[in-house]
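File shown here: query00.cif, holding mmCIF, C-alpha atoms.
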data_target
#
loop_
_atom_site.label_atom_id
_atom_site.label_comp_id
_atom_site.auth_asym_id
_atom_site.auth_seq_id
_atom_site.Cartn_x
_atom_site.Cartn_y
_atom_site.Cartn_z
CA MET A 1 -1.04 -272.19 -30.24
CA ASN A 2 -1.72 -275.71 -31.43
CA ILE A 3 1.49 -277.65 -32.18
CA GLY A 4 -0.22 -279.94 -34.73
CA ALA A 5 -1.30 -276.93 -36.78
CA HIS A 6 2.13 -276.11 -38.14
CA TYR A 7 4.24 -279.14 -37.24
CA ASN A 8 4.34 -280.43 -40.83
CA TYR A 9 5.62 -277.11 -42.16
CA TRP A 10 8.26 -276.86 -39.47
CA VAL A 11 9.61 -280.34 -40.10
CA ALA A 12 9.62 -279.59 -43.84
CA ILE A 13 11.73 -276.51 -43.13
CA PHE A 14 14.01 -278.50 -40.80
CA LEU A 15 14.58 -281.11 -43.54
CA MET A 16 15.17 -278.37 -46.09
CA MET A 17 17.78 -276.74 -43.86
CA THR A 18 19.48 -280.10 -43.19
CA GLY A 19 19.73 -280.62 -46.95
CA PHE A 20 21.07 -277.08 -47.34
CA TYR A 21 23.68 -277.72 -44.61
CA VAL A 22 24.80 -280.96 -46.30
CA VAL A 23 25.16 -279.15 -49.64
CA ILE A 24 27.26 -276.27 -48.28
CA THR A 25 29.51 -278.07 -45.78
CA HIS A 26 30.33 -281.42 -47.38
CA GLY A 27 32.94 -281.52 -50.12
CA ASN A 28 32.02 -284.96 -51.39
CA LEU A 29 30.07 -284.55 -54.63
CA ILE A 30 27.81 -287.59 -54.15
CA LYS A 31 26.91 -286.43 -50.64
CA LYS A 32 26.15 -282.99 -52.05
CA LEU A 33 23.69 -284.54 -54.50
CA ILE A 34 22.02 -286.52 -51.71
CA GLY A 35 21.74 -283.27 -49.74
CA LEU A 36 20.12 -281.67 -52.75
CA ASN A 37 17.64 -284.57 -52.81
CA LEU A 38 16.79 -283.92 -49.15
CA PHE A 39 16.14 -280.31 -50.07
CA THR A 40 13.85 -281.27 -52.97
CA THR A 41 11.91 -283.81 -50.92
CA SER A 42 11.24 -281.25 -48.20
CA VAL A 43 9.52 -279.07 -50.80
CA PHE A 44 7.40 -282.07 -51.81
CA ILE A 45 6.36 -282.58 -48.17
CA LEU A 46 5.46 -278.89 -47.85
CA TYR A 47 3.22 -279.01 -50.94
CA ILE A 48 1.47 -282.25 -49.98
CA SER A 49 0.91 -280.93 -46.43
CA MET A 50 -0.87 -277.90 -47.85
CA ALA A 51 -3.11 -280.17 -49.95
CA LYS A 52 -4.42 -282.13 -46.97
CA VAL A 53 -7.99 -281.42 -45.84
CA LYS A 54 -9.02 -282.55 -42.38
CA GLY A 55 -11.29 -285.60 -42.60
CA GLY A 56 -10.72 -285.81 -46.34
CA THR A 57 -9.69 -288.79 -48.38
CA ALA A 58 -7.64 -289.48 -51.51
CA PRO A 59 -9.00 -287.57 -54.54
CA ILE A 60 -10.55 -290.56 -56.28
CA ILE A 61 -14.30 -290.15 -56.71
CA ALA A 62 -16.26 -292.79 -54.79
CA PRO A 63 -19.92 -292.93 -53.81
CA GLY A 64 -20.77 -291.71 -50.33
CA ILE A 65 -17.64 -289.60 -49.87
CA GLU A 66 -17.97 -285.84 -49.63
CA VAL A 67 -14.56 -284.48 -48.60
CA TYR A 68 -11.46 -284.95 -50.75
CA SER A 69 -7.97 -283.57 -50.36
CA ASN A 70 -6.81 -281.05 -52.93
CA PRO A 71 -5.56 -282.94 -56.03
CA LEU A 72 -3.68 -280.07 -57.67
CA PRO A 73 -0.48 -280.17 -55.52
CA HIS A 74 -0.45 -283.95 -55.97
CA VAL A 75 -0.19 -283.52 -59.75
CA LEU A 76 2.57 -280.95 -59.47
CA ILE A 77 4.64 -283.08 -57.10
CA LEU A 78 4.06 -286.38 -58.91
CA THR A 79 5.71 -285.06 -62.05
CA ALA A 80 8.36 -283.22 -60.03
CA ILE A 81 9.52 -286.51 -58.45
CA VAL A 82 10.17 -288.18 -61.82
CA VAL A 83 11.80 -285.05 -63.23
CA GLY A 84 13.88 -284.89 -60.02
CA VAL A 85 15.36 -288.36 -60.48
CA ALA A 86 16.09 -287.65 -64.15
CA THR A 87 18.01 -284.49 -63.24
CA THR A 88 19.82 -286.28 -60.37
CA ALA A 89 20.97 -288.80 -62.98
CA VAL A 90 22.46 -285.94 -65.03
CA GLY A 91 24.26 -284.76 -61.87
CA LEU A 92 25.63 -288.24 -61.20
CA ALA A 93 26.79 -288.50 -64.82
CA LEU A 94 28.77 -285.29 -64.29
CA VAL A 95 30.26 -286.77 -61.09
CA LEU A 96 31.42 -289.81 -63.10
CA LEU A 97 33.07 -287.54 -65.67
CA ILE A 98 34.77 -285.50 -62.93
CA TYR A 99 36.09 -288.72 -61.38
CA ASP A 100 37.48 -289.75 -64.77
CA ARG A 101 39.29 -286.46 -65.18
CA TYR A 102 40.53 -285.91 -61.59
CA GLY A 103 40.48 -289.34 -59.99
CA THR A 104 38.57 -288.02 -56.99
CA ILE A 105 35.11 -286.78 -56.02
CA GLU A 106 36.26 -284.54 -53.17
CA GLU A 107 35.87 -280.86 -53.94
CA ASP A 108 39.06 -279.61 -52.22
CA GLU A 109 41.24 -282.24 -53.91
CA ILE A 110 39.74 -281.20 -57.25
CA SER A 111 40.55 -277.55 -56.67
CA LEU A 112 44.10 -278.52 -55.51
CA LYS A 113 44.62 -280.33 -58.80
CA ASP A 114 43.20 -277.34 -60.66
CA ASP A 115 45.65 -274.99 -58.90
CA ALA A 116 48.57 -277.28 -59.71
CA LEU A 117 47.92 -276.89 -63.44
CA MET B 1 -4.69 -291.19 -34.63
CA GLU B 2 -3.76 -289.79 -38.02
CA LEU B 3 -1.93 -286.94 -36.31
CA ILE B 4 0.15 -289.35 -34.20
CA ILE B 5 1.24 -291.30 -37.30
CA ASP B 6 1.98 -288.05 -39.09
CA ILE B 7 4.13 -286.69 -36.25
CA THR B 8 5.98 -290.02 -35.79
CA LEU B 9 6.83 -290.31 -39.48
CA LEU B 10 8.00 -286.71 -39.66
CA THR B 11 10.21 -287.22 -36.60
CA PHE B 12 11.75 -290.33 -38.20
CA LEU B 13 12.40 -288.28 -41.33
CA GLY B 14 14.23 -285.69 -39.27
CA ILE B 15 16.39 -288.34 -37.57
CA THR B 16 17.22 -289.97 -40.93
CA ALA B 17 18.21 -286.60 -42.39
CA LEU B 18 20.55 -285.93 -39.44
CA ALA B 19 22.10 -289.40 -39.85
CA ILE B 20 22.65 -288.72 -43.57
CA ASN B 21 24.52 -285.59 -42.57
CA ARG B 22 26.76 -287.32 -40.02
CA ILE B 23 27.76 -290.61 -41.67
CA ASP B 24 30.88 -290.78 -43.84
CA LYS B 25 30.40 -294.16 -45.49
CA LEU B 26 28.58 -293.39 -48.73
CA PHE B 27 27.00 -296.85 -48.91
CA CYS B 28 25.24 -296.24 -45.58
CA VAL B 29 24.23 -292.75 -46.66
CA ILE B 30 22.63 -294.14 -49.82
CA MET B 31 20.75 -296.83 -47.90
CA LEU B 32 19.54 -294.14 -45.49
CA SER B 33 18.35 -292.01 -48.38
CA GLY B 34 16.37 -295.03 -49.60
CA ILE B 35 14.79 -295.35 -46.15
CA TYR B 36 14.12 -291.63 -46.19
CA SER B 37 12.20 -292.01 -49.47
CA LEU B 38 10.18 -294.90 -48.11
CA LEU B 39 9.25 -292.84 -45.03
CA CYS B 40 8.27 -289.99 -47.34
CA ALA B 41 6.05 -292.34 -49.33
CA SER B 42 4.31 -293.52 -46.14
CA LEU B 43 3.82 -289.90 -45.09
CA PHE B 44 2.26 -289.10 -48.47
CA VAL B 45 -0.22 -291.96 -47.98
CA THR B 46 -1.32 -290.58 -44.61
CA MET B 47 -1.84 -287.20 -46.29
CA ASP B 48 -4.08 -288.77 -48.99
CA ALA B 49 -1.59 -288.30 -51.84
CA VAL B 50 -1.67 -291.93 -53.01
CA ASP B 51 -0.46 -291.21 -56.54
CA VAL B 52 2.52 -289.26 -55.21
CA ALA B 53 3.34 -291.97 -52.66
CA PHE B 54 3.31 -294.53 -55.44
CA THR B 55 5.76 -292.49 -57.50
CA GLU B 56 8.05 -291.73 -54.56
CA ALA B 57 8.22 -295.40 -53.54
CA ALA B 58 9.09 -296.53 -57.08
CA VAL B 59 11.49 -293.68 -57.90
CA GLY B 60 13.09 -292.72 -54.59
CA THR B 61 13.64 -296.14 -53.09
CA GLY B 62 14.11 -297.98 -56.37
CA ILE B 63 15.72 -296.13 -59.24
CA ALA B 64 17.50 -293.32 -57.35
CA THR B 65 19.15 -295.81 -54.97
CA VAL B 66 20.32 -298.04 -57.82
CA LEU B 67 21.77 -295.06 -59.71
CA LEU B 68 23.59 -293.77 -56.61
CA LEU B 69 24.96 -297.25 -55.92
CA SER B 70 26.27 -297.61 -59.46
CA THR B 71 27.95 -294.22 -59.10
CA ILE B 72 29.80 -295.14 -55.90
CA GLY B 73 30.61 -298.50 -57.52
CA ALA B 74 32.46 -296.61 -60.26
CA THR B 75 34.05 -293.94 -58.04
CA ASP B 76 34.62 -293.94 -54.30
CA THR B 77 32.71 -295.36 -51.34
CA GLN B 78 34.03 -293.12 -48.61
CA GLN B 79 33.76 -289.44 -47.88
CA ARG B 80 37.33 -288.30 -47.29
CA SER B 81 37.08 -284.68 -46.21
CA ALA B 82 35.70 -283.17 -43.02
CA PRO B 83 32.85 -280.63 -43.22
CA ARG B 84 34.11 -277.20 -44.16
CA ARG B 85 33.43 -274.27 -41.79
CA PRO B 86 30.59 -276.10 -40.01
CA LEU B 87 29.90 -273.31 -37.50
CA PHE B 88 29.50 -270.62 -40.11
CA ALA B 89 27.27 -272.94 -42.18
CA LEU B 90 25.19 -273.72 -39.08
CA LEU B 91 24.70 -270.01 -38.51
CA VAL B 92 23.56 -269.45 -42.11
CA VAL B 93 21.23 -272.45 -41.98
CA CYS B 94 19.70 -271.45 -38.65
CA ALA B 95 19.12 -267.88 -39.80
CA THR B 96 17.47 -269.03 -43.03
CA GLY B 97 15.38 -271.58 -41.15
CA ALA B 98 14.24 -268.98 -38.61
CA ILE B 99 13.09 -266.66 -41.39
CA LEU B 100 11.20 -269.50 -43.10
CA ILE B 101 9.54 -270.55 -39.83
CA TYR B 102 8.54 -266.93 -39.26
CA GLY B 103 6.96 -267.15 -42.73
CA THR B 104 4.85 -270.19 -41.78
CA MET B 105 3.19 -268.23 -38.96
CA ASP B 106 0.85 -266.67 -41.52
CA MET B 107 0.01 -269.99 -43.12
CA PRO B 108 -3.39 -271.58 -42.48
CA ALA B 109 -3.41 -274.49 -40.02
CA PHE B 110 -2.63 -278.00 -41.33
CA GLY B 111 -5.79 -279.59 -42.79
CA ASP B 112 -7.85 -276.39 -42.65
CA PRO B 113 -10.63 -276.78 -45.28
CA ASP B 114 -10.98 -272.99 -45.66
CA ALA B 115 -7.33 -272.43 -46.64
CA PRO B 116 -6.91 -270.27 -49.79
CA ILE B 117 -5.32 -273.20 -51.66
CA HIS B 118 -8.68 -275.04 -51.55
CA GLN B 119 -10.70 -272.10 -52.88
CA HIS B 120 -9.40 -271.30 -56.35
CA VAL B 121 -9.55 -273.98 -59.05
CA ALA B 122 -9.65 -277.03 -56.77
CA PRO B 123 -13.46 -277.03 -56.19
CA ARG B 124 -14.07 -277.13 -59.94
CA TYR B 125 -11.70 -280.09 -60.34
CA LEU B 126 -13.38 -281.91 -57.47
CA GLN B 127 -16.98 -281.26 -58.48
CA GLU B 128 -16.99 -281.15 -62.26
CA SER B 129 -14.07 -283.23 -63.48
CA GLN B 130 -16.22 -286.35 -63.59
CA GLN B 131 -18.75 -284.73 -65.95
CA GLU B 132 -16.06 -282.99 -67.99
CA ILE B 133 -13.40 -285.70 -68.19
CA GLY B 134 -15.15 -288.85 -67.03
CA SER B 135 -12.28 -290.27 -64.98
CA ASP B 136 -12.71 -291.30 -61.33
CA ASN B 137 -9.16 -290.42 -60.38
CA ILE B 138 -9.07 -286.62 -60.31
CA VAL B 139 -5.27 -286.59 -60.26
CA THR B 140 -5.26 -288.33 -63.65
CA SER B 141 -7.85 -285.89 -65.02
CA ILE B 142 -5.76 -282.88 -64.03
CA LEU B 143 -2.44 -284.43 -65.01
CA SER B 144 -3.42 -285.44 -68.51
CA SER B 145 -6.31 -283.18 -69.44
CA TYR B 146 -6.63 -279.90 -67.53
CA ARG B 147 -2.87 -279.46 -67.24
CA GLY B 148 -1.79 -281.47 -70.28
CA PHE B 149 0.62 -278.70 -71.32
CA ASP B 150 2.59 -279.05 -68.07
CA THR B 151 2.83 -282.78 -68.42
CA LEU B 152 4.02 -282.46 -72.01
CA GLY B 153 6.74 -280.11 -70.76
CA GLU B 154 7.77 -282.51 -68.01
CA THR B 155 7.89 -285.47 -70.39
CA VAL B 156 10.20 -283.45 -72.63
CA VAL B 157 12.38 -282.58 -69.60
CA ILE B 158 12.75 -286.29 -68.77
CA PHE B 159 13.55 -287.05 -72.41
CA THR B 160 16.16 -284.28 -72.45
CA ALA B 161 17.70 -285.48 -69.17
CA GLY B 162 18.01 -288.98 -70.64
CA LEU B 163 19.68 -287.60 -73.76
CA SER B 164 22.07 -285.56 -71.59
CA VAL B 165 23.14 -288.59 -69.56
CA VAL B 166 23.77 -290.63 -72.69
CA GLY B 167 25.55 -287.64 -74.25
CA LEU B 168 27.73 -287.16 -71.17
CA ILE B 169 28.78 -290.70 -70.31
CA GLY B 170 27.37 -292.55 -73.33
CA PHE B 171 28.09 -296.11 -74.29
CA ARG B 172 31.67 -295.74 -75.43
CA GLY B 173 33.20 -299.09 -76.29
CA MET B 174 29.83 -300.69 -75.87
CA GLN B 175 30.16 -303.28 -78.61
CA LYS B 176 33.39 -304.43 -77.04
CA PHE B 177 31.90 -304.46 -73.60
CA GLY B 178 31.42 -308.21 -73.35
CA ASP B 179 34.94 -308.89 -74.64
CA ARG B 180 36.45 -306.47 -72.17
CA GLN B 181 34.69 -308.13 -69.31
CA ARG B 182 35.91 -311.54 -70.37
CA ALA B 183 39.42 -310.14 -70.78
CA ALA B 184 39.25 -308.71 -67.28
CA GLY B 185 38.22 -312.10 -65.99
CA ILE B 186 34.79 -310.95 -64.93
CA THR B 187 32.03 -313.30 -65.87
CA GLN B 188 28.34 -313.04 -65.31
CA ASP B 189 28.56 -316.24 -63.32
CA ASP B 190 29.38 -314.21 -60.22
CA MET B 191 25.69 -313.72 -59.68
CA GLY B 192 24.84 -317.06 -61.22
CA LYS B 193 25.89 -318.81 -58.03
CA HIS B 194 22.86 -317.43 -56.24
CA LEU B 195 20.48 -320.08 -57.47
CA VAL B 196 17.62 -319.10 -55.16
CA LEU B 197 17.85 -315.43 -56.16
CA ARG B 198 17.92 -316.37 -59.85
CA ILE B 199 14.78 -318.47 -59.64
CA VAL B 200 12.87 -316.05 -57.42
CA ILE B 201 13.72 -313.12 -59.70
CA LYS B 202 12.69 -315.08 -62.77
CA MET B 203 9.32 -315.64 -61.14
CA PHE B 204 9.01 -312.02 -60.05
CA ILE B 205 9.84 -310.25 -63.31
CA PRO B 206 6.63 -311.20 -65.19
CA LEU B 207 4.59 -310.14 -62.16
CA ILE B 208 6.37 -306.77 -62.00
CA LEU B 209 5.79 -306.17 -65.71
CA LEU B 210 2.14 -307.22 -65.41
CA PHE B 211 1.67 -304.92 -62.44
CA ALA B 212 3.20 -302.04 -64.42
CA LEU B 213 0.70 -302.63 -67.24
CA TYR B 214 -2.14 -302.69 -64.70
CA VAL B 215 -0.95 -299.38 -63.24
CA GLN B 216 -0.69 -297.93 -66.75
CA PHE B 217 -4.19 -298.85 -67.92
CA HIS B 218 -5.99 -298.54 -64.59
CA GLY B 219 -4.84 -294.96 -63.95
CA ASP B 220 -8.31 -293.59 -64.82
CA PHE B 221 -9.95 -295.43 -61.94
CA GLY B 222 -7.32 -295.85 -59.23
CA PRO B 223 -3.91 -294.52 -58.27
CA GLY B 224 -1.44 -294.83 -61.11
CA GLY B 225 -0.71 -293.62 -64.60
CA GLY B 226 2.08 -293.28 -67.11
CA PHE B 227 4.77 -291.97 -64.78
CA GLN B 228 4.42 -294.72 -62.18
CA ALA B 229 3.91 -297.47 -64.77
CA GLY B 230 7.00 -296.39 -66.70
CA VAL B 231 9.17 -296.48 -63.58
CA ILE B 232 7.82 -299.87 -62.45
CA PHE B 233 8.27 -301.39 -65.91
CA ALA B 234 11.83 -300.05 -65.94
CA SER B 235 12.53 -301.55 -62.51
CA GLY B 236 11.60 -304.96 -63.92
CA PHE B 237 14.35 -304.53 -66.51
CA ILE B 238 16.80 -303.20 -63.92
CA PHE B 239 16.11 -306.25 -61.76
CA TYR B 240 16.91 -308.47 -64.74
CA THR B 241 20.13 -306.56 -65.49
CA LEU B 242 21.33 -306.80 -61.89
CA MET B 243 20.86 -310.55 -61.92
CA PHE B 244 21.82 -311.64 -65.42
CA GLY B 245 24.25 -308.91 -66.41
CA LEU B 246 24.28 -306.00 -68.83
CA ASP B 247 25.05 -308.12 -71.90
CA ALA B 248 21.97 -310.27 -71.45
CA ALA B 249 19.76 -307.25 -70.78
CA MET B 250 21.05 -305.45 -73.86
CA ARG B 251 20.20 -308.48 -75.96
CA VAL B 252 16.58 -308.12 -74.75
CA VAL B 253 16.43 -304.46 -75.71
CA SER B 254 19.35 -302.50 -77.14
CA PRO B 255 20.09 -298.86 -76.20
CA ARG B 256 19.42 -297.85 -79.80
CA THR B 257 15.90 -299.34 -79.67
CA LEU B 258 15.34 -297.70 -76.29
CA SER B 259 16.21 -294.26 -77.63
CA TYR B 260 13.75 -294.77 -80.49
CA ILE B 261 11.04 -295.84 -78.01
CA ALA B 262 11.74 -292.75 -75.87
CA ALA B 263 11.39 -290.46 -78.88
CA LEU B 264 8.25 -292.34 -79.94
CA GLY B 265 6.63 -291.61 -76.55
CA VAL B 266 7.18 -287.86 -76.86
CA LEU B 267 5.99 -288.08 -80.47
CA ILE B 268 2.73 -289.80 -79.43
CA TYR B 269 2.11 -287.07 -76.88
CA GLY B 270 2.83 -284.20 -79.26
CA GLY B 271 1.05 -286.05 -82.07
CA VAL B 272 -2.20 -286.15 -80.07
CA GLY B 273 -1.88 -282.37 -79.62
CA VAL B 274 -1.35 -281.81 -83.33
CA ALA B 275 -4.23 -284.17 -84.17
CA THR B 276 -6.61 -282.16 -81.98
CA LEU B 277 -5.44 -278.98 -83.73
CA LEU B 278 -6.10 -280.51 -87.16
CA MET B 279 -9.53 -281.68 -86.06
CA GLY B 280 -10.53 -278.14 -85.21
CA GLY B 281 -9.93 -277.98 -81.45
CA ASN B 282 -7.28 -276.38 -79.28
CA PHE B 283 -3.90 -278.02 -78.67
CA LEU B 284 -4.50 -281.10 -76.44
CA ASP B 285 -8.29 -280.50 -76.36
CA TYR B 286 -9.37 -284.14 -76.51
CA ASN B 287 -13.09 -283.37 -76.82
CA VAL B 288 -12.79 -283.21 -80.64
CA LEU B 289 -11.14 -286.63 -80.99
CA ARG B 290 -14.48 -288.46 -80.99
CA SER B 291 -18.06 -287.35 -81.61
CA ASN B 292 -18.82 -287.75 -77.90
CA PRO B 293 -16.59 -285.42 -75.79
CA LEU B 294 -16.30 -287.92 -72.92
CA GLN B 295 -15.15 -290.67 -75.29
CA GLY B 296 -12.74 -288.17 -76.83
CA GLN B 297 -11.31 -287.39 -73.38
CA HIS B 298 -10.98 -291.09 -72.65
CA LEU B 299 -9.09 -291.76 -75.88
CA GLY B 300 -6.90 -288.67 -75.44
CA ILE B 301 -5.93 -289.55 -71.86
CA PHE B 302 -5.23 -293.16 -72.87
CA LEU B 303 -2.89 -292.05 -75.67
CA ILE B 304 -0.93 -289.45 -73.77
CA GLU B 305 -0.54 -291.71 -70.71
CA LEU B 306 0.86 -294.28 -73.13
CA GLY B 307 3.27 -291.67 -74.46
CA VAL B 308 4.38 -290.72 -70.94
CA GLY B 309 4.73 -294.36 -69.91
CA THR B 310 6.91 -295.37 -72.86
CA THR B 311 9.15 -292.30 -72.53
CA VAL B 312 9.65 -292.67 -68.78
CA PHE B 313 10.30 -296.41 -69.09
CA SER B 314 12.86 -296.16 -71.87
CA ILE B 315 14.68 -293.15 -70.40
CA MET B 316 15.00 -294.84 -66.99
CA VAL B 317 16.39 -298.04 -68.52
CA LEU B 318 18.66 -296.04 -70.84
CA ILE B 319 20.08 -294.06 -67.89
CA PHE B 320 20.63 -297.26 -65.94
CA PHE B 321 22.37 -298.93 -68.91
CA ALA B 322 24.65 -295.90 -69.31
CA PHE B 323 25.61 -296.00 -65.61
CA SER B 324 26.20 -299.73 -65.44
CA SER B 325 28.17 -299.92 -68.71
CA ARG B 326 30.44 -297.31 -67.12
CA LYS B 327 31.05 -299.51 -64.13
CA GLY B 328 31.88 -302.48 -66.36
CA LEU B 329 34.42 -300.43 -68.29
CA ARG B 330 36.18 -299.24 -65.16
CA GLN B 331 36.66 -302.75 -63.91
#
Output the file's structure in the form of structure tokens.
Amino acid sequence: MNIGAHYNYWVAIFLMMTGFYVVITHGNLIKKLIGLNLFTTSVFILYISMAKVKGGTAPIIAPGIEVYSNPLPHVLILTAIVVGVATTAVGLALVLLIYDRYGTIEEDEISLKDDAL
Amino acid sequence: MELIIDITLLTFLGITALAINRIDKLFCVIMLSGIYSLLCASLFVTMDAVDVAFTEAAVGTGIATVLLLSTIGATDTQQRSAPRRPLFALLVVCATGAILIYGTMDMPAFGDPDAPIHQHVAPRYLQESQQEIGSDNIVTSILSSYRGFDTLGETVVIFTAGLSVVGLIGFRGMQKFGDRQRAAGITQDDMGKHLVLRIVIKMFIPLILLFALYVQFHGDFGPGGGFQAGVIFASGFIFYTLMFGLDAAMRVVSPRTLSYIAALGVLIYGGVGVATLLMGGNFLDYNVLRSNPLQGQHLGIFLIELGVGTTVFSIMVLIFFAFSSRKGLRQ
């Protein structure tokens, strides 16, 4: 089996799992959001890897070029990136509010303060 | 050669992700996530996704990093708790990863031109979009014409996210912001000492704005379009704010004006759709805008890219203003 054939997919899965691990083990809310970003980006890499055609070039029509990569995943991911940062900003805004209320961004300290109420 | 670059970049990405997991200092983690985005952008270039690379470089390394930095500036810069139940989590992650890797066994090889993904609608986009839409950049054709509905939805999502951020953390005490800063003994002169930075940034800002306009209006022919242009234009403003302070930036464009501009962008987009309906076509069917369908497509794409660009620009600046006014208040 050729390693190059699936290497991209495997690394995408590795990155996705690293992001997943960061989200479930770390209690720090900002680190959780960064982990979530890792997770999202791995999906982007997976999509763009599927769009690649061997020997192809960027999907911009030019004379003398026959093979282009698939433009459809590019469109989907392009918009997903901008939507992703907008939603991350909402997450960070919630982190700021939590910090205002609890004075900390660590999950276990927050639940301790909740229990004390 | 391409394969070697591909494998090297992917390996670097893996190492960066592991470092992000291990390091406790949030500042380092954020810088690493910026590097991670830049590596991603390079990887996208090697895989021919130039438009995506453009967006990732502007958004991931630029805006996302600045937003994360303003958040740690207003909260905490250190992770204070150890990972919880790391062994159990590792088990879960490994099991999930193994299942996913088992799933990839059925996938076609990387770069295979006969893969199912290249058979369905993609050939039509590649072969006929130039006759149907008239734009050299196929990504732009799909984004704004074939899949205009999607893009309208995504523009509305960005608009909504911007509204949510302002609704959540808002600009409370904004009018008093300058006074508070002076009362707290913080002046904008902190950055003013960096004379070289000031002058260089002053020279750079017009170039950044000009480049954003080029990206906006050249999207039909090369990589670029409303999303990228909006983000780059916004980064010009963010640059200015970082150097000359929030007060000065808000005198250039106030949050109220920005929210009107954001709404205007969505309105332009939806308005084009309604106009095509009134002129007897389908929603967002630009062919009816002019007597010649290709000219109609050209006009339609121009207008909706303008709508996307203005919305993305104003929402990004608005979000940044909301975050940095927060930081000023805390101090």
ask   = Evaluating the PyMOL selection byres ((chain B) within 6 of (chain A)) on the displayed file yields which residues, as a PyMOL selection string?
value = chain B and resi 21+47-48+52+79+83-84+93+109-113+136-139+143+158+161+165
ask   = What do you get, as a PyMOL selection string, if you spell out every residue that the PyMOL selection byres ((chain B and resi 297-303) around 7) selects here?
value = chain B and resi 133+144-145+286-287+293-296+304-307
inquiry  = I'd like to see the residues matched by the PyMOL selection byres ((chain B and resi 26-33) around 9) on this file, and ideally I'd get them as a PyMOL selection string.
reply    = (chain A and resi 30-31+34+37-38) or (chain B and resi 16-17+19-25+34-38+60-61+65+68-69+72+76-79)
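If you measure from each of B:Tyr240, B:Asp220, B:Leu152, B:Val231 to Ala58 in chain B using only C-alpha atoms, the closest one turns out to be B:Val231.
For the atom pair formed by CA of Ile319 in chain B and CA of Ala49 in chain B, the distance is 27.6 Å, given to one decimal.
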key: All residues 9 Å or closer to Val312 in chain B, all atoms listed in the file, same chain fewer than 3 positions away omitted, as a list in words   = Val82 of chain A; Thr155, Ile158, Phe159, Gly226, Phe227, Gln228, Ala229, Gly230, Val231, Ala234, Ala262, Gly265, Gly307, Val308, Gly309, Ile315, Met316 and Val317 of chain B
task = Could you tell me how far CA of Val50 in chain B lies from CA of Val66 in chain B, in Å and to one decimal?
result = 23.3 Å
request  = Tell me, as a list in words, which residues lie within 12 Å of Leu207 in chain B, counting all atoms listed in the file; anything in the same chain fewer than 5 positions away does not count.
outcome  = Val200, Ile201, Lys202, Ala212, Leu213, Tyr214, Ile232, Phe233, Ser235 and Gly236 of chain B
ask   = Rounded to one decimal in Å, what is the spacing between CA of Thr257 in chain B and CA of Val274 in chain B?
value = 24.9 Å
Would you fill out range 89-100 of chain A with N, CA and C atoms and return it as a PDB file, in the coordinates of the input?
ATOM      1  N   ALA A  89      20.147-287.924 -62.145  1.00  0.00           N
ATOM      2  CA  ALA A  89      20.970-288.800 -62.980  1.00  0.00           C
ATOM      3  C   ALA A  89      21.960-287.975 -63.800  1.00  0.00           C
ATOM      4  N   VAL A  90      21.528-286.804 -64.289  1.00  0.00           N
ATOM      5  CA  VAL A  90      22.460-285.940 -65.030  1.00  0.00           C
ATOM      6  C   VAL A  90      23.596-285.514 -64.104  1.00  0.00           C
ATOM      7  N   GLY A  91      23.241-285.144 -62.837  1.00  0.00           N
ATOM      8  CA  GLY A  91      24.260-284.760 -61.870  1.00  0.00           C
ATOM      9  C   GLY A  91      25.258-285.878 -61.619  1.00  0.00           C
ATOM     10  N   LEU A  92      24.741-287.097 -61.457  1.00  0.00           N
ATOM     11  CA  LEU A  92      25.630-288.240 -61.200  1.00  0.00           C
ATOM     12  C   LEU A  92      26.522-288.515 -62.402  1.00  0.00           C
ATOM     13  N   ALA A  93      25.968-288.299 -63.622  1.00  0.00           N
ATOM     14  CA  ALA A  93      26.790-288.500 -64.820  1.00  0.00           C
ATOM     15  C   ALA A  93      27.959-287.522 -64.820  1.00  0.00           C
ATOM     16  N   LEU A  94      27.689-286.278 -64.381  1.00  0.00           N
ATOM     17  CA  LEU A  94      28.770-285.290 -64.290  1.00  0.00           C
ATOM     18  C   LEU A  94      29.803-285.715 -63.252  1.00  0.00           C
ATOM     19  N   VAL A  95      29.328-286.285 -62.121  1.00  0.00           N
ATOM     20  CA  VAL A  95      30.260-286.770 -61.090  1.00  0.00           C
ATOM     21  C   VAL A  95      31.184-287.839 -61.689  1.00  0.00           C
ATOM     22  N   LEU A  96      30.602-288.754 -62.487  1.00  0.00           N
ATOM     23  CA  LEU A  96      31.420-289.810 -63.100  1.00  0.00           C
ATOM     24  C   LEU A  96      32.492-289.197 -64.003  1.00  0.00           C
ATOM     25  N   LEU A  97      32.098-288.173 -64.779  1.00  0.00           N
ATOM     26  CA  LEU A  97      33.070-287.540 -65.670  1.00  0.00           C
ATOM     27  C   LEU A  97      34.179-286.852 -64.874  1.00  0.00           C
ATOM     28  N   ILE A  98      33.784-286.175 -63.775  1.00  0.00           N
ATOM     29  CA  ILE A  98      34.770-285.500 -62.930  1.00  0.00           C
ATOM     30  C   ILE A  98      35.748-286.528 -62.353  1.00  0.00           C
ATOM     31  N   TYR A  99      35.225-287.673 -61.929  1.00  0.00           N
ATOM     32  CA  TYR A  99      36.090-288.720 -61.380  1.00  0.00           C
ATOM     33  C   TYR A  99      37.075-289.222 -62.432  1.00  0.00           C
ATOM     34  N   ASP A 100      36.587-289.325 -63.677  1.00  0.00           N
ATOM     35  CA  ASP A 100      37.480-289.750 -64.770  1.00  0.00           C
ATOM     36  C   ASP A 100      38.623-288.776 -64.954  1.00  0.00           C
TER      37      ASP A 100
END
